[in-house]
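This is target_17.json. It holds JSON, C-alpha atoms (C1' of nucleotides).
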[["chain", "number", "residue", "atom", "x", "y", "z"],
["A", 218, "MET", "CA", 0.00, 0.00, 0.00],
["A", 219, "PRO", "CA", 1.47, 3.39, -1.02],
["A", 220, "GLU", "CA", 2.50, 5.99, 1.51],
["A", 221, "GLY", "CA", -0.32, 8.27, 2.51],
["A", 222, "ASN", "CA", -3.05, 6.00, 1.21],
["A", 223, "PHE", "CA", -5.36, 5.68, 4.16],
["A", 224, "TYR", "CA", -7.26, 2.50, 3.48],
["A", 225, "LYS", "CA", -10.68, 2.71, 5.04],
["A", 226, "LYS", "CA", -11.51, -0.55, 6.72],
["A", 227, "PRO", "CA", -14.78, -1.63, 5.16],
["A", 228, "CYS", "CA", -17.70, -2.43, 7.42],
["A", 229, "THR", "CA", -19.13, -5.76, 6.35],
["A", 230, "ASN", "CA", -22.19, -5.66, 8.57],
["A", 231, "PRO", "CA", -25.12, -5.87, 6.16],
["A", 232, "ASN", "CA", -27.69, -4.54, 8.61],
["A", 233, "LYS", "CA", -25.86, -1.47, 9.74],
["A", 234, "ASN", "CA", -27.71, 0.93, 7.49],
["A", 235, "PHE", "CA", -31.08, -0.72, 7.21],
["A", 236, "ARG", "CA", -34.17, -0.70, 9.37],
["A", 237, "GLY", "CA", -37.70, -1.87, 9.70],
["A", 238, "ALA", "CA", -39.48, -4.42, 7.60],
["A", 239, "THR", "CA", -36.75, -4.53, 4.98],
["A", 240, "ARG", "CA", -34.22, -5.61, 7.55],
["A", 241, "GLU", "CA", -36.64, -8.01, 9.18],
["A", 242, "LEU", "CA", -37.61, -9.68, 5.94],
["A", 243, "ALA", "CA", -33.97, -10.07, 4.96],
["A", 244, "ARG", "CA", -33.32, -11.70, 8.30],
["A", 245, "TYR", "CA", -35.94, -14.38, 7.77],
["A", 246, "ALA", "CA", -34.93, -14.87, 4.17],
["A", 247, "LYS", "CA", -31.35, -15.37, 5.21],
["A", 248, "ALA", "CA", -32.36, -17.95, 7.79],
["A", 249, "MET", "CA", -34.22, -19.79, 5.03],
["A", 250, "GLY", "CA", -31.27, -19.46, 2.66],
["A", 251, "HIS", "CA", -29.98, -22.99, 3.09],
["A", 252, "PRO", "CA", -31.72, -26.15, 1.85],
["A", 253, "ALA", "CA", -31.06, -27.97, 5.11],
["A", 254, "ARG", "CA", -32.86, -25.26, 7.03],
["A", 255, "ILE", "CA", -35.78, -25.31, 4.61],
["A", 256, "LYS", "CA", -36.03, -29.04, 5.12],
["A", 257, "ILE", "CA", -35.91, -28.65, 8.89],
["A", 258, "LEU", "CA", -38.77, -26.18, 8.77],
["A", 259, "ARG", "CA", -40.80, -28.34, 6.41],
["A", 260, "PHE", "CA", -40.20, -31.34, 8.61],
["A", 261, "LEU", "CA", -41.11, -29.46, 11.75],
["A", 262, "SER", "CA", -44.24, -27.92, 10.35],
["A", 263, "GLN", "CA", -45.64, -31.38, 9.73],
["A", 264, "ALA", "CA", -44.55, -33.03, 12.94],
["A", 265, "GLU", "CA", -45.65, -30.56, 15.63],
["A", 266, "PHE", "CA", -42.30, -31.17, 17.34],
["A", 267, "CYS", "CA", -39.03, -33.01, 16.70],
["A", 268, "TYR", "CA", -35.88, -33.94, 18.55],
["A", 269, "THR", "CA", -32.46, -33.11, 17.17],
["A", 270, "GLY", "CA", -31.91, -36.77, 16.34],
["A", 271, "ASP", "CA", -34.94, -36.79, 14.05],
["A", 272, "PHE", "CA", -33.31, -34.18, 11.87],
["A", 273, "VAL", "CA", -29.97, -35.93, 11.94],
["A", 274, "GLU", "CA", -31.62, -39.05, 10.56],
["A", 275, "VAL", "CA", -33.10, -37.14, 7.67],
["A", 276, "LEU", "CA", -30.40, -34.65, 6.74],
["A", 277, "PRO", "CA", -27.26, -35.61, 4.81],
["A", 278, "MET", "CA", -24.80, -34.05, 7.22],
["A", 279, "ALA", "CA", -23.08, -34.58, 10.54],
["A", 280, "GLN", "CA", -24.89, -34.14, 13.84],
["A", 281, "SER", "CA", -22.81, -31.13, 14.76],
["A", 282, "THR", "CA", -23.71, -29.44, 11.50],
["A", 283, "VAL", "CA", -27.40, -30.10, 11.99],
["A", 284, "SER", "CA", -27.12, -28.63, 15.46],
["A", 285, "GLN", "CA", -25.58, -25.52, 13.97],
["A", 286, "HIS", "CA", -28.43, -25.09, 11.48],
["A", 287, "LEU", "CA", -30.94, -25.51, 14.29],
["A", 288, "LYS", "CA", -29.16, -22.79, 16.19],
["A", 289, "GLU", "CA", -29.45, -20.42, 13.26],
["A", 290, "LEU", "CA", -33.17, -21.00, 12.95],
["A", 291, "LYS", "CA", -33.50, -20.53, 16.68],
["A", 292, "ASP", "CA", -31.50, -17.30, 16.56],
["A", 293, "ALA", "CA", -33.75, -16.02, 13.79],
["A", 294, "GLY", "CA", -36.70, -16.81, 16.04],
["A", 295, "LEU", "CA", -38.40, -19.21, 13.66],
["A", 296, "ILE", "CA", -38.14, -22.21, 15.97],
["A", 297, "ILE", "CA", -38.13, -22.79, 19.71],
["A", 298, "ALA", "CA", -35.92, -25.19, 21.61],
["A", 299, "ASN", "CA", -37.27, -26.98, 24.64],
["A", 300, "GLU", "CA", -34.72, -28.80, 26.76],
["A", 301, "GLN", "CA", -35.70, -32.27, 27.85],
["A", 302, "PRO", "CA", -32.32, -33.71, 28.74],
["A", 303, "PRO", "CA", -30.58, -35.39, 27.33],
["A", 304, "ARG", "CA", -32.78, -34.49, 24.40],
["A", 305, "VAL", "CA", -33.94, -31.20, 22.96],
["A", 306, "LYS", "CA", -37.41, -30.75, 21.56],
["A", 307, "TYR", "CA", -37.86, -28.30, 18.72],
["A", 308, "CYS", "CA", -41.03, -26.75, 17.44],
["A", 309, "ILE", "CA", -42.14, -23.93, 15.19],
["A", 310, "ASN", "CA", -42.44, -20.51, 16.79],
["A", 311, "HIS", "CA", -45.90, -19.81, 15.49],
["A", 312, "GLU", "CA", -45.90, -16.15, 16.34],
["A", 313, "VAL", "CA", -42.70, -15.47, 14.42],
["A", 314, "TRP", "CA", -43.74, -17.82, 11.66],
["A", 315, "GLU", "CA", -46.91, -15.83, 11.07],
["A", 316, "ARG", "CA", -44.96, -12.60, 11.11],
["A", 317, "ALA", "CA", -42.51, -13.93, 8.52],
["A", 318, "LYS", "CA", -45.35, -15.29, 6.46],
["A", 319, "TRP", "CA", -47.03, -11.93, 6.45],
["A", 320, "LEU", "CA", -43.82, -10.14, 5.47],
["A", 321, "PHE", "CA", -43.22, -12.46, 2.54],
["A", 322, "TYR", "CA", -46.83, -12.24, 1.42],
["A", 323, "GLU", "CA", -46.79, -8.48, 1.53],
["A", 324, "PHE", "CA", -43.48, -8.42, -0.29],
["A", 325, "PHE", "CA", -44.57, -10.62, -3.16],
["A", 326, "ASP", "CA", -47.88, -8.85, -3.49],
["A", 327, "MET", "CA", -46.05, -5.68, -4.42],
["A", 328, "LEU", "CA", -46.20, -6.37, -8.11],
["A", 329, "ASP", "CA", -49.88, -7.19, -8.02],
["A", 330, "LYS", "CA", -50.94, -4.12, -6.05],
["A", 331, "PRO", "CA", -48.47, -1.42, -7.06],
["A", 332, "ASP", "CA", -50.29, 1.46, -5.39],
["A", 333, "GLN", "CA", -51.28, -0.03, -2.07],
["A", 334, "ASP", "CA", -50.34, 1.60, 1.19],
["A", 335, "ARG", "CA", -46.97, 0.35, 2.38],
["A", 336, "THR", "CA", -46.85, 1.20, 6.02],
["A", 337, "THR", "CA", -44.19, -1.35, 6.81],
["A", 338, "GLU", "CA", -41.54, -0.26, 4.40],
["A", 339, "GLN", "CA", -38.23, 1.04, 5.51],
["B", 62, "MET", "CA", -2.56, -32.97, 13.28],
["B", 63, "PRO", "CA", -1.48, -36.35, 14.67],
["B", 64, "GLU", "CA", 0.13, -39.03, 12.54],
["B", 65, "GLY", "CA", -2.38, -41.30, 10.86],
["B", 66, "ASN", "CA", -5.27, -38.94, 11.36],
["B", 67, "PHE", "CA", -6.76, -38.63, 7.92],
["B", 68, "TYR", "CA", -8.66, -35.39, 8.05],
["B", 69, "LYS", "CA", -11.51, -35.47, 5.61],
["B", 70, "LYS", "CA", -11.70, -32.19, 3.79],
["B", 71, "PRO", "CA", -15.21, -30.90, 4.43],
["B", 72, "CYS", "CA", -17.41, -30.04, 1.49],
["B", 73, "THR", "CA", -18.93, -26.64, 2.08],
["B", 74, "ASN", "CA", -21.29, -26.68, -0.87],
["B", 75, "PRO", "CA", -24.76, -26.36, 0.66],
["B", 76, "ASN", "CA", -26.62, -27.61, -2.39],
["B", 77, "LYS", "CA", -24.66, -30.77, -3.01],
["B", 78, "ASN", "CA", -27.12, -33.07, -1.33],
["B", 79, "PHE", "CA", -30.39, -31.31, -1.95],
["B", 80, "ARG", "CA", -32.79, -31.25, -4.85],
["B", 81, "GLY", "CA", -36.09, -29.96, -6.10],
["B", 82, "ALA", "CA", -38.26, -27.32, -4.52],
["B", 83, "THR", "CA", -36.30, -27.29, -1.28],
["B", 84, "ARG", "CA", -33.15, -26.32, -3.11],
["B", 85, "GLU", "CA", -34.98, -23.84, -5.30],
["B", 86, "LEU", "CA", -36.71, -22.13, -2.41],
["B", 87, "ALA", "CA", -33.43, -21.86, -0.50],
["B", 88, "ARG", "CA", -31.89, -20.26, -3.57],
["B", 89, "TYR", "CA", -34.46, -17.49, -3.72],
["B", 90, "ALA", "CA", -34.40, -17.04, 0.03],
["B", 91, "LYS", "CA", -30.66, -16.64, -0.04],
["B", 92, "ALA", "CA", -30.89, -14.05, -2.80],
["B", 93, "MET", "CA", -33.35, -12.14, -0.62],
["B", 94, "GLY", "CA", -31.15, -12.56, 2.44],
["B", 95, "HIS", "CA", -29.68, -9.06, 2.41],
["B", 96, "PRO", "CA", -31.57, -5.85, 3.15],
["B", 97, "ALA", "CA", -30.00, -4.07, 0.18],
["B", 98, "ARG", "CA", -31.33, -6.71, -2.16],
["B", 99, "ILE", "CA", -34.77, -6.54, -0.59],
["B", 100, "LYS", "CA", -34.74, -2.82, -1.11],
["B", 101, "ILE", "CA", -33.65, -3.22, -4.72],
["B", 102, "LEU", "CA", -36.52, -5.59, -5.38],
["B", 103, "ARG", "CA", -39.02, -3.34, -3.62],
["B", 104, "PHE", "CA", -37.76, -0.37, -5.57],
["B", 105, "LEU", "CA", -37.88, -2.24, -8.86],
["B", 106, "SER", "CA", -41.33, -3.64, -8.34],
["B", 107, "GLN", "CA", -42.70, -0.14, -8.09],
["B", 108, "ALA", "CA", -40.74, 1.46, -10.88],
["B", 109, "GLU", "CA", -41.16, -0.96, -13.78],
["B", 110, "PHE", "CA", -37.48, -0.49, -14.55],
["B", 111, "CYS", "CA", -34.42, 1.20, -13.06],
["B", 112, "TYR", "CA", -30.87, 2.03, -14.00],
["B", 113, "THR", "CA", -27.95, 1.10, -11.79],
["B", 114, "GLY", "CA", -27.53, 4.73, -10.81],
["B", 115, "ASP", "CA", -31.05, 4.86, -9.40],
["B", 116, "PHE", "CA", -30.16, 2.20, -6.89],
["B", 117, "VAL", "CA", -26.84, 3.82, -6.05],
["B", 118, "GLU", "CA", -28.71, 7.01, -5.17],
["B", 119, "VAL", "CA", -30.97, 5.16, -2.78],
["B", 120, "LEU", "CA", -28.71, 2.57, -1.18],
["B", 121, "PRO", "CA", -26.17, 3.44, 1.53],
["B", 122, "MET", "CA", -23.22, 1.80, -0.16],
["B", 123, "ALA", "CA", -20.66, 2.25, -2.91],
["B", 124, "GLN", "CA", -21.53, 1.85, -6.56],
["B", 125, "SER", "CA", -19.41, -1.25, -6.91],
["B", 126, "THR", "CA", -21.18, -2.89, -4.00],
["B", 127, "VAL", "CA", -24.59, -2.09, -5.46],
["B", 128, "SER", "CA", -23.45, -3.57, -8.73],
["B", 129, "GLN", "CA", -22.49, -6.74, -6.91],
["B", 130, "HIS", "CA", -25.90, -7.07, -5.28],
["B", 131, "LEU", "CA", -27.55, -6.55, -8.64],
["B", 132, "LYS", "CA", -25.42, -9.34, -10.01],
["B", 133, "GLU", "CA", -26.56, -11.69, -7.27],
["B", 134, "LEU", "CA", -30.21, -10.98, -7.96],
["B", 135, "LYS", "CA", -29.56, -11.45, -11.65],
["B", 136, "ASP", "CA", -27.77, -14.76, -11.03],
["B", 137, "ALA", "CA", -30.72, -15.94, -8.95],
["B", 138, "GLY", "CA", -32.93, -15.05, -11.91],
["B", 139, "LEU", "CA", -35.11, -12.59, -10.04],
["B", 140, "ILE", "CA", -34.16, -9.61, -12.17],
["B", 141, "ILE", "CA", -33.15, -9.03, -15.77],
["B", 142, "ALA", "CA", -30.42, -6.72, -17.02],
["B", 143, "ASN", "CA", -30.85, -4.90, -20.28],
["B", 144, "GLU", "CA", -27.74, -3.19, -21.64],
["B", 145, "GLN", "CA", -28.25, 0.30, -22.96],
["B", 146, "PRO", "CA", -24.69, 1.60, -22.91],
["B", 147, "PRO", "CA", -23.38, 3.25, -21.05],
["B", 148, "ARG", "CA", -26.31, 2.46, -18.83],
["B", 149, "VAL", "CA", -27.94, -0.78, -17.76],
["B", 150, "LYS", "CA", -31.65, -1.11, -17.33],
["B", 151, "TYR", "CA", -32.94, -3.53, -14.74],
["B", 152, "CYS", "CA", -36.39, -4.97, -14.35],
["B", 153, "ILE", "CA", -38.17, -7.73, -12.48],
["B", 154, "ASN", "CA", -38.15, -11.14, -14.10],
["B", 155, "HIS", "CA", -41.86, -11.73, -13.75],
["B", 156, "GLU", "CA", -41.76, -15.39, -14.60],
["B", 157, "VAL", "CA", -39.20, -16.18, -11.90],
["B", 158, "TRP", "CA", -40.85, -13.77, -9.49],
["B", 159, "GLU", "CA", -44.12, -15.65, -9.78],
["B", 160, "ARG", "CA", -42.34, -18.95, -9.32],
["B", 161, "ALA", "CA", -40.60, -17.70, -6.18],
["B", 162, "LYS", "CA", -43.84, -16.22, -4.92],
["B", 163, "TRP", "CA", -45.58, -19.53, -5.36],
["B", 164, "LEU", "CA", -42.81, -21.44, -3.60],
["B", 165, "PHE", "CA", -42.91, -19.12, -0.60],
["B", 166, "TYR", "CA", -46.70, -19.20, -0.46],
["B", 167, "GLU", "CA", -46.76, -22.97, -0.58],
["B", 168, "PHE", "CA", -44.04, -23.14, 2.04],
["B", 169, "PHE", "CA", -45.79, -20.88, 4.53],
["B", 170, "ASP", "CA", -49.13, -22.54, 3.98],
["B", 171, "MET", "CA", -47.70, -25.75, 5.35],
["B", 172, "LEU", "CA", -48.78, -25.05, 8.86],
["B", 173, "ASP", "CA", -52.31, -24.11, 7.87],
["B", 174, "LYS", "CA", -52.94, -27.13, 5.67],
["B", 175, "PRO", "CA", -50.93, -29.93, 7.30],
["B", 176, "ASP", "CA", -52.35, -32.75, 5.18],
["B", 177, "GLN", "CA", -52.36, -31.22, 1.74],
["B", 178, "ASP", "CA", -50.65, -32.91, -1.17],
["B", 179, "ARG", "CA", -47.05, -31.82, -1.43],
["B", 180, "THR", "CA", -46.00, -32.69, -4.92],
["B", 181, "THR", "CA", -43.14, -30.23, -4.97],
["B", 182, "GLU", "CA", -41.27, -31.43, -1.97],
["B", 183, "GLN", "CA", -37.82, -32.83, -2.20],
["C", 145, "DG", "C1'", -20.85, -45.75, 39.90],
["C", 146, "DT", "C1'", -20.31, -47.24, 34.91],
["C", 147, "DG", "C1'", -21.68, -46.95, 30.45],
["C", 148, "DA", "C1'", -24.80, -45.67, 26.75],
["C", 149, "DA", "C1'", -27.45, -42.09, 24.60],
["C", 150, "DT", "C1'", -28.25, -37.38, 23.21],
["C", 151, "DT", "C1'", -26.88, -32.98, 21.84],
["C", 152, "DA", "C1'", -24.49, -28.44, 22.14],
["C", 153, "DT", "C1'", -20.07, -26.47, 21.77],
["C", 154, "DC", "C1'", -15.22, -26.04, 20.45],
["C", 155, "DG", "C1'", -11.45, -26.19, 17.28],
["C", 156, "DT", "C1'", -10.22, -26.15, 12.72],
["C", 157, "DA", "C1'", -10.31, -25.80, 7.63],
["C", 158, "DT", "C1'", -12.33, -23.99, 3.55],
["C", 159, "DA", "C1'", -15.53, -21.25, 0.92],
["C", 160, "DT", "C1'", -18.48, -17.49, 0.45],
["C", 161, "DT", "C1'", -20.09, -12.94, 1.46],
["C", 162, "DT", "C1'", -19.66, -8.13, 2.10],
["C", 163, "DG", "C1'", -17.49, -3.97, 1.34],
["C", 164, "DC", "C1'", -14.50, -0.33, -0.83],
["C", 165, "DA", "C1'", -11.23, 1.82, -4.15],
["C", 166, "DA", "C1'", -9.38, 1.60, -8.48],
["C", 167, "DT", "C1'", -9.62, 0.42, -13.12],
["C", 168, "DG", "C1'", -11.40, -0.50, -17.69],
["C", 169, "DA", "C1'", -14.89, -0.51, -21.27],
["C", 170, "DA", "C1'", -18.40, 1.76, -23.68],
["C", 171, "DT", "C1'", -21.07, 5.75, -24.85],
["C", 172, "DT", "C1'", -22.21, 10.61, -24.77],
["C", 173, "DT", "C1'", -21.00, 15.33, -24.38],
["C", 174, "DT", "C1'", -18.17, 19.09, -25.28],
["D", 79, "DA", "C1'", -10.38, 14.03, -29.96],
["D", 80, "DA", "C1'", -10.77, 14.95, -25.23],
["D", 81, "DA", "C1'", -13.46, 14.80, -21.21],
["D", 82, "DA", "C1'", -17.34, 13.23, -18.73],
["D", 83, "DT", "C1'", -20.74, 9.67, -17.68],
["D", 84, "DT", "C1'", -22.15, 5.11, -16.53],
["D", 85, "DC", "C1'", -21.36, 0.73, -14.81],
["D", 86, "DA", "C1'", -19.17, -3.94, -14.46],
["D", 87, "DT", "C1'", -15.02, -6.03, -12.99],
["D", 88, "DT", "C1'", -10.83, -6.69, -10.38],
["D", 89, "DG", "C1'", -8.08, -6.77, -6.27],
["D", 90, "DC", "C1'", -7.99, -6.83, -1.66],
["D", 91, "DA", "C1'", -9.44, -7.16, 3.42],
["D", 92, "DA", "C1'", -12.54, -8.58, 6.98],
["D", 93, "DA", "C1'", -16.30, -11.19, 8.42],
["D", 94, "DT", "C1'", -19.45, -14.86, 8.07],
["D", 95, "DA", "C1'", -20.98, -19.40, 6.66],
["D", 96, "DT", "C1'", -20.42, -24.27, 6.10],
["D", 97, "DA", "C1'", -18.71, -28.56, 7.35],
["D", 98, "DC", "C1'", -16.50, -32.13, 10.17],
["D", 99, "DG", "C1'", -14.44, -34.56, 14.25],
["D", 100, "DA", "C1'", -13.72, -34.40, 19.00],
["D", 101, "DT", "C1'", -15.23, -33.26, 23.35],
["D", 102, "DA", "C1'", -18.12, -32.02, 27.29],
["D", 103, "DA", "C1'", -22.43, -31.98, 29.69],
["D", 104, "DT", "C1'", -26.50, -34.19, 30.92],
["D", 105, "DT", "C1'", -29.72, -37.90, 31.69],
["D", 106, "DC", "C1'", -31.07, -42.74, 31.66],
["D", 107, "DA", "C1'", -30.26, -47.67, 32.19],
["D", 108, "DC", "C1'", -27.86, -51.05, 34.55]]

File written out as structure tokens:
Amino acid sequence: MPEGNFYKKPCTNPNKNFRGATRELARYAKAMGHPARIKILRFLSQAEFCYTGDFVEVLPMAQSTVSQHLKELKDAGLIIANEQPPRVKYCINHEVWERAKWLFYEFFDMLDKPDQDRTTEQ
Amino acid sequence: MPEGNFYKKPCTNPNKNFRGATRELARYAKAMGHPARIKILRFLSQAEFCYTGDFVEVLPMAQSTVSQHLKELKDAGLIIANEQPPRVKYCINHEVWERAKWLFYEFFDMLDKPDQDRTTEQ
DNA sequence: GTGAATTATCGTATATTTGCAATGAATTTT
DNA sequence: AAAATTCATTGCAAATATACGATAATTCAC
């Protein structure tokens, strides 16, 4: 790097400059951005609840990796973990699920209703 | 690493072992997994078409970064680029948009209709 | 108490993502 | 033709994501 060139360290935090529904929708989309996590959610939505081992049986990856994906979905709020040692019971977080559902619906309806009131936009 | 420990190089390709609608949905979700890309899509869906510069004006990031996000949306198929040098015109890819919309709708309806026929599942 | 079962976490390796500045290519303006 | 405009691409740095094996913590069975 040449003398006097003050390289500005880039900020790689995607959410830093975004707010509201845009940020929220992106958060849920990101959590759904891996096929394993989609499959977990599909599986869960049909089973009422599942243990970690149930997912491990179904997914083509190591137990530790499955656990990591479960953590991401939990962090996004889409699922809830209920400790029943030594097992952990997972289920859909219905409240958040409905919120995400609504955000996606509203988002995709944009093209159909171009002039509707968008109170949730950033 | 100890002698005789054959470390298996992990494969970090998320799509390797997944197929069908699960993979497809994750693809669109991932493309939507950044607030800037959500905002681009929102913006586009209300403007019929936009040039790159329109997005740069609106988004809190450098032109090169915006260009990168546009490329990701284009690679996912959600938008179409139309070269009109020196400018580039972007618009929604309606066919893919409707496909993504349908996939998300079907996905989120899972909880409401637990016993419906799921012909698109992996 | 010992051992099996279950699962999160840690350590590590690799790949991808995010961001910016700088550059190059193509067109338009002057 | 020279300069300005527009935008993708390249090069680089930092952060995050993905994956695995190993380990630790916890309960249950014996």

Contact residues (chain D, partner chain A, 10 Å, all atoms listed in the file) as a ChimeraX atom specification: /D:91-94,96-99,103-106

Within 6 Å of chain A: residues of chain C, using all atoms listed in the file, as an NGL selection string: :C and (150 or 162-163)

Please produce a file of the residues just selected, as a PDB file, in the frame of the given file, where the atoms kept are C-alpha atoms (C1' of nucleotides).
ATOM      1  C1'  DT C 150     -28.250 -37.380  23.210  1.00  0.00           C
ATOM      2  C1'  DT C 162     -19.660  -8.130   2.100  1.00  0.00           C
ATOM      3  C1'  DG C 163     -17.490  -3.970   1.340  1.00  0.00           C
TER       4       DG C 163
END

Expected answer as a PyMOL selection string: chain B residues within 9 Å of chain A, all atoms listed in the file: chain B and resi 75-76+78-80+83-100+103+106-107+120-122+155+158-159+161-162+165-166+168-172+175-176+182-183

Neighbour list for DA166 in chain C as a ChimeraX atom specification, cut-off 12 Å, all atoms listed in the file, skip fewer than 4 positions in-chain: /B:125 /D:87-90

For C-alpha atoms (C1' of nucleotides), I'd like the residues from the last selection saved as a PDB file, in the coordinates of the input.
ATOM      1  CA  SER B 125     -19.410  -1.250  -6.910  1.00  0.00           C
TER       2      SER B 125
ATOM      3  C1'  DT D  87     -15.020  -6.030 -12.990  1.00  0.00           C
ATOM      4  C1'  DT D  88     -10.830  -6.690 -10.380  1.00  0.00           C
ATOM      5  C1'  DG D  89      -8.080  -6.770  -6.270  1.00  0.00           C
ATOM      6  C1'  DC D  90      -7.990  -6.830  -1.660  1.00  0.00           C
TER       7       DC D  90
END

Coordinates-based distance that separates CA of Glu289 in chain A from C1' of DA157 in chain C (Å, one decimal): 20.7 Å

Within 12 Å of DA107 in chain D using all atoms listed in the file, minus same-chain residues under 2 positions, as a PyMOL selection string: (chain C and resi 146-149) or (chain D and resi 105)

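Between CA of Asp115 in chain B and C1' of DC164 in chain C the separation is 19.3 Å.
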
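Non-sequential neighbours of DA82 in chain D (distance at most 10 Å, separation of 2 or more positions within a chain, all atoms listed in the file) are C:DT172, C:DT173, C:DT174, D:DA80, D:DT84.
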
To box range 250-268 of chain A, take all atoms listed in the file, fit an axis-aligned box, add 6 Å on each side, and give centre and edge lengths in Å to one decimal, as lines of an AutoDock Vina configuration file.
center_x = -37.8
center_y = -26.7
center_z = 10.2
size_x = 27.7
size_y = 26.5
size_z = 28.7

For CA of Cys308 in chain A and C1' of DA152 in chain C, the interatomic separation in Å (one decimal): 17.3 Å

Generate the coordinates of N, CA, C and O atoms for range 117-132 of chain B; report them as a short mmCIF file (atom, residue, chain, number, x, y, z; two decimals), in the frame of the given file.
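This is the output file selection01.cif:
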data_model
loop_
_atom_site.label_atom_id
_atom_site.label_comp_id
_atom_site.auth_asym_id
_atom_site.auth_seq_id
_atom_site.Cartn_x
_atom_site.Cartn_y
_atom_site.Cartn_z
N VAL B 117 -27.99 3.23 -6.76
CA VAL B 117 -26.84 3.82 -6.05
C VAL B 117 -27.28 5.06 -5.28
O VAL B 117 -26.83 5.30 -4.16
N GLU B 118 -28.19 5.81 -5.86
CA GLU B 118 -28.71 7.01 -5.17
C GLU B 118 -29.42 6.66 -3.87
O GLU B 118 -29.37 7.41 -2.90
N VAL B 119 -30.09 5.52 -3.88
CA VAL B 119 -30.97 5.16 -2.78
C VAL B 119 -30.28 4.33 -1.71
O VAL B 119 -30.60 4.42 -0.52
N LEU B 120 -29.33 3.51 -2.12
CA LEU B 120 -28.71 2.57 -1.18
C LEU B 120 -27.48 3.18 -0.51
O LEU B 120 -26.71 3.90 -1.15
N PRO B 121 -27.28 2.86 0.76
CA PRO B 121 -26.17 3.44 1.53
C PRO B 121 -24.88 2.68 1.34
O PRO B 121 -24.27 2.23 2.30
N MET B 122 -24.46 2.54 0.09
CA MET B 122 -23.22 1.80 -0.16
C MET B 122 -22.61 2.23 -1.49
O MET B 122 -23.26 2.92 -2.28
N ALA B 123 -21.38 1.82 -1.71
CA ALA B 123 -20.66 2.25 -2.91
C ALA B 123 -21.27 1.65 -4.17
O ALA B 123 -21.94 0.63 -4.13
N GLN B 124 -20.98 2.29 -5.29
CA GLN B 124 -21.53 1.85 -6.56
C GLN B 124 -21.10 0.43 -6.89
O GLN B 124 -21.91 -0.37 -7.39
N SER B 125 -19.88 0.10 -6.58
CA SER B 125 -19.41 -1.25 -6.91
C SER B 125 -20.13 -2.31 -6.08
O SER B 125 -20.39 -3.41 -6.57
N THR B 126 -20.46 -1.94 -4.86
CA THR B 126 -21.18 -2.89 -4.00
C THR B 126 -22.61 -3.09 -4.50
O THR B 126 -23.12 -4.21 -4.54
N VAL B 127 -23.24 -2.00 -4.90
CA VAL B 127 -24.59 -2.09 -5.46
C VAL B 127 -24.57 -2.98 -6.69
O VAL B 127 -25.43 -3.86 -6.86
N SER B 128 -23.57 -2.78 -7.51
CA SER B 128 -23.45 -3.57 -8.73
C SER B 128 -23.35 -5.07 -8.41
O SER B 128 -23.90 -5.91 -9.11
N GLN B 129 -22.64 -5.35 -7.32
CA GLN B 129 -22.49 -6.74 -6.91
C GLN B 129 -23.83 -7.34 -6.48
O GLN B 129 -24.14 -8.48 -6.83
N HIS B 130 -24.60 -6.58 -5.73
CA HIS B 130 -25.90 -7.07 -5.28
C HIS B 130 -26.83 -7.28 -6.47
O HIS B 130 -27.59 -8.24 -6.52
N LEU B 131 -26.75 -6.37 -7.44
CA LEU B 131 -27.55 -6.55 -8.64
C LEU B 131 -27.17 -7.83 -9.36
O LEU B 131 -28.02 -8.56 -9.85
N LYS B 132 -25.89 -8.11 -9.36
CA LYS B 132 -25.42 -9.34 -10.01
C LYS B 132 -25.98 -10.59 -9.32
O LYS B 132 -26.36 -11.56 -9.98
#
